[in-house]
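Here is final_37.pdb, consisting of PDB, N, CA and C atoms:
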```pdb
ATOM      1  N   MET A   1       9.416   6.971   9.740
ATOM      2  CA  MET A   1       8.747   7.350   8.509
ATOM      3  C   MET A   1       8.811   6.199   7.506
ATOM      4  N   THR A   2       7.824   6.163   6.645
ATOM      5  CA  THR A   2       7.750   5.124   5.635
ATOM      6  C   THR A   2       6.919   5.625   4.459
ATOM      7  N   TYR A   3       6.831   4.836   3.443
ATOM      8  CA  TYR A   3       5.966   5.149   2.309
ATOM      9  C   TYR A   3       4.599   4.543   2.542
ATOM     10  N   VAL A   4       3.579   5.148   1.916
ATOM     11  CA  VAL A   4       2.190   4.752   2.078
ATOM     12  C   VAL A   4       1.561   4.629   0.697
ATOM     13  N   ILE A   5       0.727   3.618   0.513
ATOM     14  CA  ILE A   5      -0.017   3.471  -0.731
ATOM     15  C   ILE A   5      -1.434   3.955  -0.462
ATOM     16  N   ALA A   6      -1.866   4.970  -1.221
ATOM     17  CA  ALA A   6      -3.149   5.615  -0.971
ATOM     18  C   ALA A   6      -4.244   5.169  -1.948
ATOM     19  N   GLN A   7      -5.343   5.875  -1.941
ATOM     20  CA  GLN A   7      -6.568   5.538  -2.644
ATOM     21  C   GLN A   7      -6.416   5.242  -4.134
ATOM     22  N   PRO A   8      -5.552   5.921  -4.893
ATOM     23  CA  PRO A   8      -5.488   5.603  -6.328
ATOM     24  C   PRO A   8      -5.136   4.146  -6.649
ATOM     25  N   CYS A   9      -4.590   3.419  -5.693
ATOM     26  CA  CYS A   9      -4.250   2.011  -5.909
ATOM     27  C   CYS A   9      -5.462   1.089  -5.784
ATOM     28  N   VAL A  10      -6.503   1.546  -5.101
ATOM     29  CA  VAL A  10      -7.664   0.696  -4.851
ATOM     30  C   VAL A  10      -8.268   0.228  -6.177
ATOM     31  N   ASP A  11      -8.413  -1.061  -6.302
ATOM     32  CA  ASP A  11      -8.957  -1.752  -7.466
ATOM     33  C   ASP A  11      -8.067  -1.681  -8.702
ATOM     34  N   LEU A  12      -6.864  -1.146  -8.580
ATOM     35  CA  LEU A  12      -5.934  -1.113  -9.705
ATOM     36  C   LEU A  12      -4.831  -2.145  -9.514
ATOM     37  N   LYS A  13      -4.067  -1.995  -8.418
ATOM     38  CA  LYS A  13      -2.978  -2.919  -8.063
ATOM     39  C   LYS A  13      -2.077  -3.236  -9.260
ATOM     40  N   ASP A  14      -1.455  -2.230  -9.819
ATOM     41  CA  ASP A  14      -0.587  -2.378 -10.986
ATOM     42  C   ASP A  14       0.590  -3.322 -10.751
ATOM     43  N   ARG A  15       1.145  -3.343  -9.570
ATOM     44  CA  ARG A  15       2.243  -4.225  -9.146
ATOM     45  C   ARG A  15       3.633  -3.817  -9.640
ATOM     46  N   ALA A  16       3.768  -2.729 -10.365
ATOM     47  CA  ALA A  16       5.100  -2.272 -10.777
ATOM     48  C   ALA A  16       5.950  -1.976  -9.547
ATOM     49  N   CYS A  17       5.323  -1.496  -8.491
ATOM     50  CA  CYS A  17       6.050  -1.185  -7.260
ATOM     51  C   CYS A  17       6.615  -2.455  -6.620
ATOM     52  N   ILE A  18       5.879  -3.554  -6.721
ATOM     53  CA  ILE A  18       6.353  -4.824  -6.167
ATOM     54  C   ILE A  18       7.634  -5.255  -6.869
ATOM     55  N   ASP A  19       7.649  -5.139  -8.185
ATOM     56  CA  ASP A  19       8.830  -5.518  -8.966
ATOM     57  C   ASP A  19      10.033  -4.643  -8.637
ATOM     58  N   GLU A  20       9.797  -3.402  -8.268
ATOM     59  CA  GLU A  20      10.878  -2.441  -8.017
ATOM     60  C   GLU A  20      11.409  -2.480  -6.584
ATOM     61  N   CYS A  21      10.616  -2.951  -5.650
ATOM     62  CA  CYS A  21      10.982  -2.918  -4.224
ATOM     63  C   CYS A  21      12.156  -3.858  -3.937
ATOM     64  N   PRO A  22      13.274  -3.321  -3.432
ATOM     65  CA  PRO A  22      14.438  -4.163  -3.172
ATOM     66  C   PRO A  22      14.340  -4.997  -1.894
ATOM     67  N   VAL A  23      13.362  -4.693  -1.022
ATOM     68  CA  VAL A  23      13.266  -5.421   0.239
ATOM     69  C   VAL A  23      11.974  -6.234   0.354
ATOM     70  N   ASP A  24      11.184  -6.301  -0.716
ATOM     71  CA  ASP A  24      10.004  -7.169  -0.763
ATOM     72  C   ASP A  24       9.011  -6.843   0.351
ATOM     73  N   CYS A  25       8.712  -5.542   0.538
ATOM     74  CA  CYS A  25       7.833  -5.139   1.637
ATOM     75  C   CYS A  25       6.436  -4.740   1.189
ATOM     76  N   ILE A  26       6.089  -4.975  -0.075
ATOM     77  CA  ILE A  26       4.774  -4.585  -0.582
ATOM     78  C   ILE A  26       3.919  -5.842  -0.745
ATOM     79  N   TYR A  27       2.841  -5.882   0.014
ATOM     80  CA  TYR A  27       1.959  -7.047   0.080
ATOM     81  C   TYR A  27       0.661  -6.763  -0.652
ATOM     82  N   GLU A  28       0.026  -7.822  -1.133
ATOM     83  CA  GLU A  28      -1.210  -7.672  -1.880
ATOM     84  C   GLU A  28      -2.419  -7.982  -1.015
ATOM     85  N   GLY A  29      -3.369  -7.060  -1.018
ATOM     86  CA  GLY A  29      -4.664  -7.282  -0.401
ATOM     87  C   GLY A  29      -5.683  -7.533  -1.488
ATOM     88  N   PRO A  30      -6.915  -7.810  -1.138
ATOM     89  CA  PRO A  30      -7.923  -8.067  -2.154
ATOM     90  C   PRO A  30      -8.138  -6.912  -3.137
ATOM     91  N   ARG A  31      -8.063  -5.655  -2.639
ATOM     92  CA  ARG A  31      -8.328  -4.511  -3.522
ATOM     93  C   ARG A  31      -7.186  -3.502  -3.602
ATOM     94  N   LYS A  32      -6.159  -3.632  -2.778
ATOM     95  CA  LYS A  32      -5.082  -2.638  -2.711
ATOM     96  C   LYS A  32      -3.789  -3.306  -2.298
ATOM     97  N   LEU A  33      -2.681  -2.691  -2.663
ATOM     98  CA  LEU A  33      -1.364  -3.127  -2.204
ATOM     99  C   LEU A  33      -1.026  -2.360  -0.933
ATOM    100  N   TYR A  34      -0.240  -2.981  -0.048
ATOM    101  CA  TYR A  34       0.110  -2.394   1.243
ATOM    102  C   TYR A  34       1.614  -2.471   1.464
ATOM    103  N   ILE A  35       2.192  -1.385   1.954
ATOM    104  CA  ILE A  35       3.606  -1.366   2.329
ATOM    105  C   ILE A  35       3.707  -1.663   3.816
ATOM    106  N   ASN A  36       4.484  -2.690   4.162
ATOM    107  CA  ASN A  36       4.694  -3.010   5.568
ATOM    108  C   ASN A  36       5.713  -2.024   6.135
ATOM    109  N   PRO A  37       5.302  -1.151   7.055
ATOM    110  CA  PRO A  37       6.216  -0.131   7.570
ATOM    111  C   PRO A  37       7.389  -0.692   8.367
ATOM    112  N   GLU A  38       7.250  -1.921   8.871
ATOM    113  CA  GLU A  38       8.340  -2.551   9.613
ATOM    114  C   GLU A  38       9.446  -3.049   8.675
ATOM    115  N   GLU A  39       9.118  -3.290   7.434
ATOM    116  CA  GLU A  39      10.074  -3.828   6.468
ATOM    117  C   GLU A  39      10.592  -2.788   5.477
ATOM    118  N   CYS A  40       9.841  -1.691   5.297
ATOM    119  CA  CYS A  40      10.225  -0.645   4.348
ATOM    120  C   CYS A  40      11.506   0.052   4.824
ATOM    121  N   VAL A  41      12.439   0.257   3.907
ATOM    122  CA  VAL A  41      13.708   0.924   4.239
ATOM    123  C   VAL A  41      13.745   2.356   3.707
ATOM    124  N   ASP A  42      12.602   2.859   3.289
ATOM    125  CA  ASP A  42      12.461   4.247   2.830
ATOM    126  C   ASP A  42      13.361   4.589   1.647
ATOM    127  N   CYS A  43      13.574   3.638   0.761
ATOM    128  CA  CYS A  43      14.455   3.893  -0.381
ATOM    129  C   CYS A  43      13.766   4.706  -1.476
ATOM    130  N   GLY A  44      12.439   4.633  -1.549
ATOM    131  CA  GLY A  44      11.695   5.402  -2.531
ATOM    132  C   GLY A  44      11.636   4.805  -3.919
ATOM    133  N   ALA A  45      12.141   3.609  -4.111
ATOM    134  CA  ALA A  45      12.156   2.994  -5.445
ATOM    135  C   ALA A  45      10.752   2.768  -5.983
ATOM    136  N   CYS A  46       9.802   2.532  -5.117
ATOM    137  CA  CYS A  46       8.429   2.232  -5.535
ATOM    138  C   CYS A  46       7.685   3.453  -6.064
ATOM    139  N   GLU A  47       7.959   4.605  -5.518
ATOM    140  CA  GLU A  47       7.186   5.805  -5.822
ATOM    141  C   GLU A  47       7.184   6.193  -7.303
ATOM    142  N   PRO A  48       8.320   6.303  -7.958
ATOM    143  CA  PRO A  48       8.294   6.777  -9.349
ATOM    144  C   PRO A  48       7.733   5.780 -10.359
ATOM    145  N   VAL A  49       7.624   4.510 -10.018
ATOM    146  CA  VAL A  49       7.120   3.530 -10.979
ATOM    147  C   VAL A  49       5.604   3.341 -10.903
ATOM    148  N   CYS A  50       4.963   3.928  -9.920
ATOM    149  CA  CYS A  50       3.513   3.788  -9.773
ATOM    150  C   CYS A  50       2.818   4.589 -10.874
ATOM    151  N   PRO A  51       2.049   3.912 -11.734
ATOM    152  CA  PRO A  51       1.436   4.611 -12.870
ATOM    153  C   PRO A  51       0.302   5.563 -12.492
ATOM    154  N   VAL A  52      -0.240   5.429 -11.287
ATOM    155  CA  VAL A  52      -1.334   6.306 -10.868
ATOM    156  C   VAL A  52      -0.935   7.224  -9.709
ATOM    157  N   GLU A  53       0.342   7.275  -9.402
ATOM    158  CA  GLU A  53       0.876   8.139  -8.340
ATOM    159  C   GLU A  53       0.139   7.928  -7.018
ATOM    160  N   ALA A  54       0.064   6.664  -6.606
ATOM    161  CA  ALA A  54      -0.620   6.302  -5.365
ATOM    162  C   ALA A  54       0.330   6.205  -4.180
ATOM    163  N   ILE A  55       1.636   6.273  -4.411
ATOM    164  CA  ILE A  55       2.614   6.067  -3.338
ATOM    165  C   ILE A  55       3.202   7.403  -2.910
ATOM    166  N   PHE A  56       3.160   7.638  -1.604
ATOM    167  CA  PHE A  56       3.627   8.901  -1.037
ATOM    168  C   PHE A  56       4.500   8.636   0.175
ATOM    169  N   TYR A  57       5.473   9.540   0.399
ATOM    170  CA  TYR A  57       6.193   9.504   1.655
ATOM    171  C   TYR A  57       5.186   9.876   2.733
ATOM    172  N   GLU A  58       5.291   9.283   3.879
ATOM    173  CA  GLU A  58       4.303   9.408   4.947
ATOM    174  C   GLU A  58       3.887  10.853   5.244
ATOM    175  N   ASP A  59       4.823  11.776   5.243
ATOM    176  CA  ASP A  59       4.468  13.158   5.564
ATOM    177  C   ASP A  59       4.033  13.956   4.340
ATOM    178  N   ALA A  60       3.866  13.298   3.195
ATOM    179  CA  ALA A  60       3.440  13.982   1.972
ATOM    180  C   ALA A  60       2.114  13.443   1.417
ATOM    181  N   VAL A  61       1.415  12.616   2.191
ATOM    182  CA  VAL A  61       0.123  12.092   1.737
ATOM    183  C   VAL A  61      -0.866  13.259   1.664
ATOM    184  N   PRO A  62      -1.545  13.434   0.523
ATOM    185  CA  PRO A  62      -2.534  14.514   0.420
ATOM    186  C   PRO A  62      -3.630  14.387   1.484
ATOM    187  N   ASP A  63      -4.115  15.520   1.957
ATOM    188  CA  ASP A  63      -5.125  15.544   3.017
ATOM    189  C   ASP A  63      -6.346  14.702   2.672
ATOM    190  N   GLU A  64      -6.731  14.680   1.411
ATOM    191  CA  GLU A  64      -7.930  13.932   1.006
ATOM    192  C   GLU A  64      -7.786  12.424   1.244
ATOM    193  N   TRP A  65      -6.550  11.947   1.364
ATOM    194  CA  TRP A  65      -6.295  10.525   1.593
ATOM    195  C   TRP A  65      -5.638  10.271   2.945
ATOM    196  N   ALA A  66      -5.834  11.166   3.893
ATOM    197  CA  ALA A  66      -5.206  11.060   5.210
ATOM    198  C   ALA A  66      -5.551   9.748   5.919
ATOM    199  N   ASP A  67      -6.727   9.196   5.650
ATOM    200  CA  ASP A  67      -7.101   7.928   6.293
ATOM    201  C   ASP A  67      -6.160   6.793   5.909
ATOM    202  N   TYR A  68      -5.483   6.930   4.784
ATOM    203  CA  TYR A  68      -4.562   5.886   4.331
ATOM    204  C   TYR A  68      -3.237   5.909   5.093
ATOM    205  N   LEU A  69      -2.985   6.977   5.852
ATOM    206  CA  LEU A  69      -1.751   7.065   6.646
ATOM    207  C   LEU A  69      -1.641   5.916   7.636
ATOM    208  N   THR A  70      -2.752   5.509   8.187
ATOM    209  CA  THR A  70      -2.718   4.438   9.183
ATOM    210  C   THR A  70      -3.136   3.083   8.620
ATOM    211  N   ALA A  71      -3.732   3.049   7.438
ATOM    212  CA  ALA A  71      -4.241   1.781   6.890
ATOM    213  C   ALA A  71      -3.143   0.729   6.766
ATOM    214  N   ASP A  72      -2.015   1.086   6.123
ATOM    215  CA  ASP A  72      -0.946   0.101   5.941
ATOM    216  C   ASP A  72      -0.418  -0.378   7.292
ATOM    217  N   ARG A  73      -0.190   0.565   8.199
ATOM    218  CA  ARG A  73       0.341   0.223   9.527
ATOM    219  C   ARG A  73      -0.627  -0.686  10.278
ATOM    220  N   GLU A  74      -1.912  -0.368  10.238
ATOM    221  CA  GLU A  74      -2.900  -1.149  10.981
ATOM    222  C   GLU A  74      -3.100  -2.547  10.393
ATOM    223  N   VAL A  75      -2.951  -2.703   9.091
ATOM    224  CA  VAL A  75      -3.089  -4.021   8.473
ATOM    225  C   VAL A  75      -2.042  -4.987   9.018
ATOM    226  N   PHE A  76      -0.857  -4.465   9.313
ATOM    227  CA  PHE A  76       0.235  -5.320   9.789
ATOM    228  C   PHE A  76       0.392  -5.294  11.319
ATOM    229  N   ALA A  77      -0.500  -4.622  12.027
ATOM    230  CA  ALA A  77      -0.377  -4.511  13.485
ATOM    231  C   ALA A  77      -0.350  -5.876  14.164
ATOM    232  N   ALA A  78      -1.145  -6.795  13.698
ATOM    233  CA  ALA A  78      -1.216  -8.117  14.329
ATOM    234  C   ALA A  78      -0.093  -9.041  13.870
ATOM    235  N   THR A  79       0.337  -8.906  12.628
ATOM    236  CA  THR A  79       1.333  -9.835  12.087
ATOM    237  C   THR A  79       2.757  -9.342  12.203
ATOM    238  N   GLY A  80       2.958  -8.030  12.374
ATOM    239  CA  GLY A  80       4.314  -7.489  12.410
ATOM    240  C   GLY A  80       4.962  -7.589  11.048
ATOM    241  N   ALA A  81       6.223  -7.982  11.017
ATOM    242  CA  ALA A  81       6.977  -8.094   9.777
ATOM    243  C   ALA A  81       7.095  -9.568   9.392
ATOM    244  N   PRO A  82       6.239 -10.030   8.470
ATOM    245  CA  PRO A  82       6.265 -11.452   8.097
ATOM    246  C   PRO A  82       7.551 -11.908   7.416
ATOM    247  N   GLY A  83       8.367 -10.972   6.950
ATOM    248  CA  GLY A  83       9.644 -11.364   6.364
ATOM    249  C   GLY A  83       9.671 -11.416   4.853
ATOM    250  N   GLY A  84       8.815 -10.649   4.236
ATOM    251  CA  GLY A  84       8.841 -10.568   2.781
ATOM    252  C   GLY A  84       7.559 -11.035   2.133
ATOM    253  N   ALA A  85       7.074 -10.244   1.206
ATOM    254  CA  ALA A  85       5.797 -10.521   0.550
ATOM    255  C   ALA A  85       5.849 -11.738  -0.364
ATOM    256  N   ALA A  86       6.991 -12.016  -0.965
ATOM    257  CA  ALA A  86       7.084 -13.122  -1.924
ATOM    258  C   ALA A  86       6.755 -14.464  -1.268
ATOM    259  N   ARG A  87       7.046 -14.582   0.004
ATOM    260  CA  ARG A  87       6.787 -15.846   0.725
ATOM    261  C   ARG A  87       5.422 -15.876   1.397
ATOM    262  N   ALA A  88       4.727 -14.756   1.369
ATOM    263  CA  ALA A  88       3.458 -14.656   2.089
ATOM    264  C   ALA A  88       2.267 -14.840   1.157
ATOM    265  N   GLU A  89       1.218 -15.350   1.710
ATOM    266  CA  GLU A  89      -0.053 -15.429   0.986
ATOM    267  C   GLU A  89      -0.616 -14.007   0.879
ATOM    268  N   PRO A  90      -1.454 -13.749  -0.119
ATOM    269  CA  PRO A  90      -2.129 -12.436  -0.146
ATOM    270  C   PRO A  90      -2.922 -12.225   1.144
ATOM    271  N   LEU A  91      -3.059 -10.976   1.536
ATOM    272  CA  LEU A  91      -3.805 -10.650   2.744
ATOM    273  C   LEU A  91      -5.253 -11.111   2.593
ATOM    274  N   ALA A  92      -5.841 -11.591   3.657
ATOM    275  CA  ALA A  92      -7.204 -12.137   3.609
ATOM    276  C   ALA A  92      -8.256 -11.053   3.392
ATOM    277  N   GLU A  93      -8.000  -9.866   3.954
ATOM    278  CA  GLU A  93      -8.961  -8.779   3.778
ATOM    279  C   GLU A  93      -8.257  -7.445   3.785
ATOM    280  N   ASP A  94      -8.947  -6.460   3.251
ATOM    281  CA  ASP A  94      -8.416  -5.109   3.206
ATOM    282  C   ASP A  94      -8.731  -4.364   4.493
ATOM    283  N   HIS A  95      -8.058  -3.245   4.673
ATOM    284  CA  HIS A  95      -8.329  -2.342   5.783
ATOM    285  C   HIS A  95      -9.745  -1.772   5.599
ATOM    286  N   PRO A  96     -10.455  -1.448   6.681
ATOM    287  CA  PRO A  96     -11.799  -0.879   6.560
ATOM    288  C   PRO A  96     -11.880   0.375   5.675
ATOM    289  N   VAL A  97     -10.837   1.187   5.649
ATOM    290  CA  VAL A  97     -10.823   2.370   4.780
ATOM    291  C   VAL A  97     -10.957   1.947   3.319
ATOM    292  N   VAL A  98     -10.255   0.896   2.948
ATOM    293  CA  VAL A  98     -10.306   0.392   1.574
ATOM    294  C   VAL A  98     -11.654  -0.264   1.309
ATOM    295  N   MET A  99     -12.123  -1.049   2.238
ATOM    296  CA  MET A  99     -13.409  -1.729   2.047
ATOM    297  C   MET A  99     -14.554  -0.725   1.885
ATOM    298  N   GLY A 100     -14.406   0.459   2.435
ATOM    299  CA  GLY A 100     -15.429   1.495   2.321
ATOM    300  C   GLY A 100     -15.418   2.266   1.016
ATOM    301  N   GLU A 101     -14.374   2.062   0.209
ATOM    302  CA  GLU A 101     -14.293   2.762  -1.071
ATOM    303  C   GLU A 101     -15.258   2.124  -2.085
ATOM    304  N   PRO A 102     -15.879   2.939  -2.944
ATOM    305  CA  PRO A 102     -16.714   2.348  -3.996
ATOM    306  C   PRO A 102     -15.846   1.514  -4.928
ATOM    307  N   VAL A 103     -16.389   0.437  -5.425
ATOM    308  CA  VAL A 103     -15.654  -0.452  -6.335
ATOM    309  C   VAL A 103     -15.507   0.228  -7.683
ATOM    310  N   ARG A 104     -14.263   0.234  -8.181
ATOM    311  CA  ARG A 104     -13.984   0.764  -9.526
ATOM    312  C   ARG A 104     -13.836  -0.404 -10.475
ATOM    313  N   GLU A 105     -14.530  -0.354 -11.564
ATOM    314  CA  GLU A 105     -14.424  -1.393 -12.576
ATOM    315  C   GLU A 105     -13.147  -1.212 -13.381
ATOM    316  N   ALA A 106     -12.552  -2.309 -13.800
ATOM    317  CA  ALA A 106     -11.333  -2.271 -14.618
ATOM    318  C   ALA A 106     -11.647  -1.621 -15.950
ATOM    319  N   GLY A 107     -10.645  -0.924 -16.480
ATOM    320  CA  GLY A 107     -10.844  -0.351 -17.794
ATOM    321  C   GLY A 107     -10.529   1.057 -17.818
TER     322      GLY A 107
END
```
As structure tokens:
Amino acid sequence: MTYVIAQPCVDLKDRACIDECPVDCIYEGPRKLYINPEECVDCGACEPVCPVEAIFYEDAVPDEWADYLTADREVFAATGAPGGAARAEPLAEDHPVVMGEPVREAG
């Protein structure tokens, strides 16, 4: 089990969760942040600091965002655990679920 970042993060990327994560497992994509399930230690520190309540424990993701259950895992399927987001470049592209979301303007 791990935490998942769902649809409310798309085009927002507040980053408060990145600052709170003790194991540096939250990576930045072009439109959304992603939790690497191989690096997440299930501490839950990220969940309460998210201003839009986009972070859920894997078995508590609302049905309307069920597609996000696999998005984070699939983004890292090829790379595995890179060893921390601070040392990594931002992800080159988002998961297809994210790319299919309508663009939300800032504000």
Mind checking which residues fall within 6 Å of region 32-49 of chain A, counting all atoms listed in the file, ignoring those fewer than 5 positions away in the same chain, and posting them as a ChimeraX atom specification? /A:2-3,5,9-11,13,16-17,20-21,25-27,55,72-73,81
In Å, with one decimal, what is the gap from CA of Pro102 (chain A) to CA of Gln7 (chain A)? 10.7 Å
Identify which of the residues A:Val23, A:Ala88, A:Val98, A:Val103 lies closest to Tyr68 (chain A), counting all atoms listed in the file when measuring atom-to-atom distances.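 So, comparing all the options, the nearest one is A:Val98.
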Each side padded by 4 Å, which centre and which edge lengths in Å (one decimal) define the axis-aligned box around the listed atoms of region 56-71 of chain A? Give them as lines of an AutoDock Vina configuration file.
```
center_x = -0.9
center_y = 8.1
center_z = 3.8
size_x = 22.1
size_y = 22.8
size_z = 18.8
```
Best match for closeness to Pro8 (chain A) among A:Val52, A:Ala66, A:Ala86, A:Ala60, counting all atoms listed in the file: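 Between A:Val52, A:Ala66, A:Ala86, A:Ala60, the residue approaching Pro8 (chain A) most closely is A:Val52.
Atom pair CA of Arg31 (chain A) / atom N of Asp67 (chain A): separated by 16.6 Å.
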Among region 17-104 of chain A, which ones does DSSP place in strand (DSSP E), written as a list of chain:residue names?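 Assigned to strand (DSSP E), within region 17-104 of chain A: A:Ile26, A:Tyr27, A:Glu28, A:Leu33, A:Tyr34, A:Ile35, A:Ile55, A:Phe56, A:Tyr57.
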One decimal, in Å: what's the spacing between atom N of Gly29 (chain A) and atom N of Met1 (chain A)? 21.8 Å
Rank nothing, just name the residue among A:Pro51, A:Pro96, A:Pro30, A:Pro22 nearest to Val75 (chain A), using all atoms listed in the file. A:Pro96
Helix (DSSP H, G or I) call set, DSSP backbone run, region 15-100 of chain A, as a PyMOL selection string: chain A and resi 16-20+47-49+58-60+63-65+68-75+85-87+96-99
With N, CA and C atoms retained, export the selected residues as a tab-separated table (two decimals), in the coordinates of the input.
```tsv
chain	number	residue	atom	x	y	z
A	16	ALA	N	3.77	-2.73	-10.36
A	16	ALA	CA	5.10	-2.27	-10.78
A	16	ALA	C	5.95	-1.98	-9.55
A	17	CYS	N	5.32	-1.50	-8.49
A	17	CYS	CA	6.05	-1.18	-7.26
A	17	CYS	C	6.62	-2.46	-6.62
A	18	ILE	N	5.88	-3.55	-6.72
A	18	ILE	CA	6.35	-4.82	-6.17
A	18	ILE	C	7.63	-5.26	-6.87
A	19	ASP	N	7.65	-5.14	-8.18
A	19	ASP	CA	8.83	-5.52	-8.97
A	19	ASP	C	10.03	-4.64	-8.64
A	20	GLU	N	9.80	-3.40	-8.27
A	20	GLU	CA	10.88	-2.44	-8.02
A	20	GLU	C	11.41	-2.48	-6.58
A	47	GLU	N	7.96	4.61	-5.52
A	47	GLU	CA	7.19	5.80	-5.82
A	47	GLU	C	7.18	6.19	-7.30
A	48	PRO	N	8.32	6.30	-7.96
A	48	PRO	CA	8.29	6.78	-9.35
A	48	PRO	C	7.73	5.78	-10.36
A	49	VAL	N	7.62	4.51	-10.02
A	49	VAL	CA	7.12	3.53	-10.98
A	49	VAL	C	5.60	3.34	-10.90
A	58	GLU	N	5.29	9.28	3.88
A	58	GLU	CA	4.30	9.41	4.95
A	58	GLU	C	3.89	10.85	5.24
A	59	ASP	N	4.82	11.78	5.24
A	59	ASP	CA	4.47	13.16	5.56
A	59	ASP	C	4.03	13.96	4.34
A	60	ALA	N	3.87	13.30	3.20
A	60	ALA	CA	3.44	13.98	1.97
A	60	ALA	C	2.11	13.44	1.42
A	63	ASP	N	-4.12	15.52	1.96
A	63	ASP	CA	-5.12	15.54	3.02
A	63	ASP	C	-6.35	14.70	2.67
A	64	GLU	N	-6.73	14.68	1.41
A	64	GLU	CA	-7.93	13.93	1.01
A	64	GLU	C	-7.79	12.42	1.24
A	65	TRP	N	-6.55	11.95	1.36
A	65	TRP	CA	-6.30	10.52	1.59
A	65	TRP	C	-5.64	10.27	2.94
A	68	TYR	N	-5.48	6.93	4.78
A	68	TYR	CA	-4.56	5.89	4.33
A	68	TYR	C	-3.24	5.91	5.09
A	69	LEU	N	-2.98	6.98	5.85
A	69	LEU	CA	-1.75	7.06	6.65
A	69	LEU	C	-1.64	5.92	7.64
A	70	THR	N	-2.75	5.51	8.19
A	70	THR	CA	-2.72	4.44	9.18
A	70	THR	C	-3.14	3.08	8.62
A	71	ALA	N	-3.73	3.05	7.44
A	71	ALA	CA	-4.24	1.78	6.89
A	71	ALA	C	-3.14	0.73	6.77
A	72	ASP	N	-2.02	1.09	6.12
A	72	ASP	CA	-0.95	0.10	5.94
A	72	ASP	C	-0.42	-0.38	7.29
A	73	ARG	N	-0.19	0.56	8.20
A	73	ARG	CA	0.34	0.22	9.53
A	73	ARG	C	-0.63	-0.69	10.28
A	74	GLU	N	-1.91	-0.37	10.24
A	74	GLU	CA	-2.90	-1.15	10.98
A	74	GLU	C	-3.10	-2.55	10.39
A	75	VAL	N	-2.95	-2.70	9.09
A	75	VAL	CA	-3.09	-4.02	8.47
A	75	VAL	C	-2.04	-4.99	9.02
A	85	ALA	N	7.07	-10.24	1.21
A	85	ALA	CA	5.80	-10.52	0.55
A	85	ALA	C	5.85	-11.74	-0.36
A	86	ALA	N	6.99	-12.02	-0.96
A	86	ALA	CA	7.08	-13.12	-1.92
A	86	ALA	C	6.76	-14.46	-1.27
A	87	ARG	N	7.05	-14.58	0.00
A	87	ARG	CA	6.79	-15.85	0.72
A	87	ARG	C	5.42	-15.88	1.40
A	96	PRO	N	-10.46	-1.45	6.68
A	96	PRO	CA	-11.80	-0.88	6.56
A	96	PRO	C	-11.88	0.38	5.68
A	97	VAL	N	-10.84	1.19	5.65
A	97	VAL	CA	-10.82	2.37	4.78
A	97	VAL	C	-10.96	1.95	3.32
A	98	VAL	N	-10.26	0.90	2.95
A	98	VAL	CA	-10.31	0.39	1.57
A	98	VAL	C	-11.65	-0.26	1.31
A	99	MET	N	-12.12	-1.05	2.24
A	99	MET	CA	-13.41	-1.73	2.05
A	99	MET	C	-14.55	-0.72	1.88
```
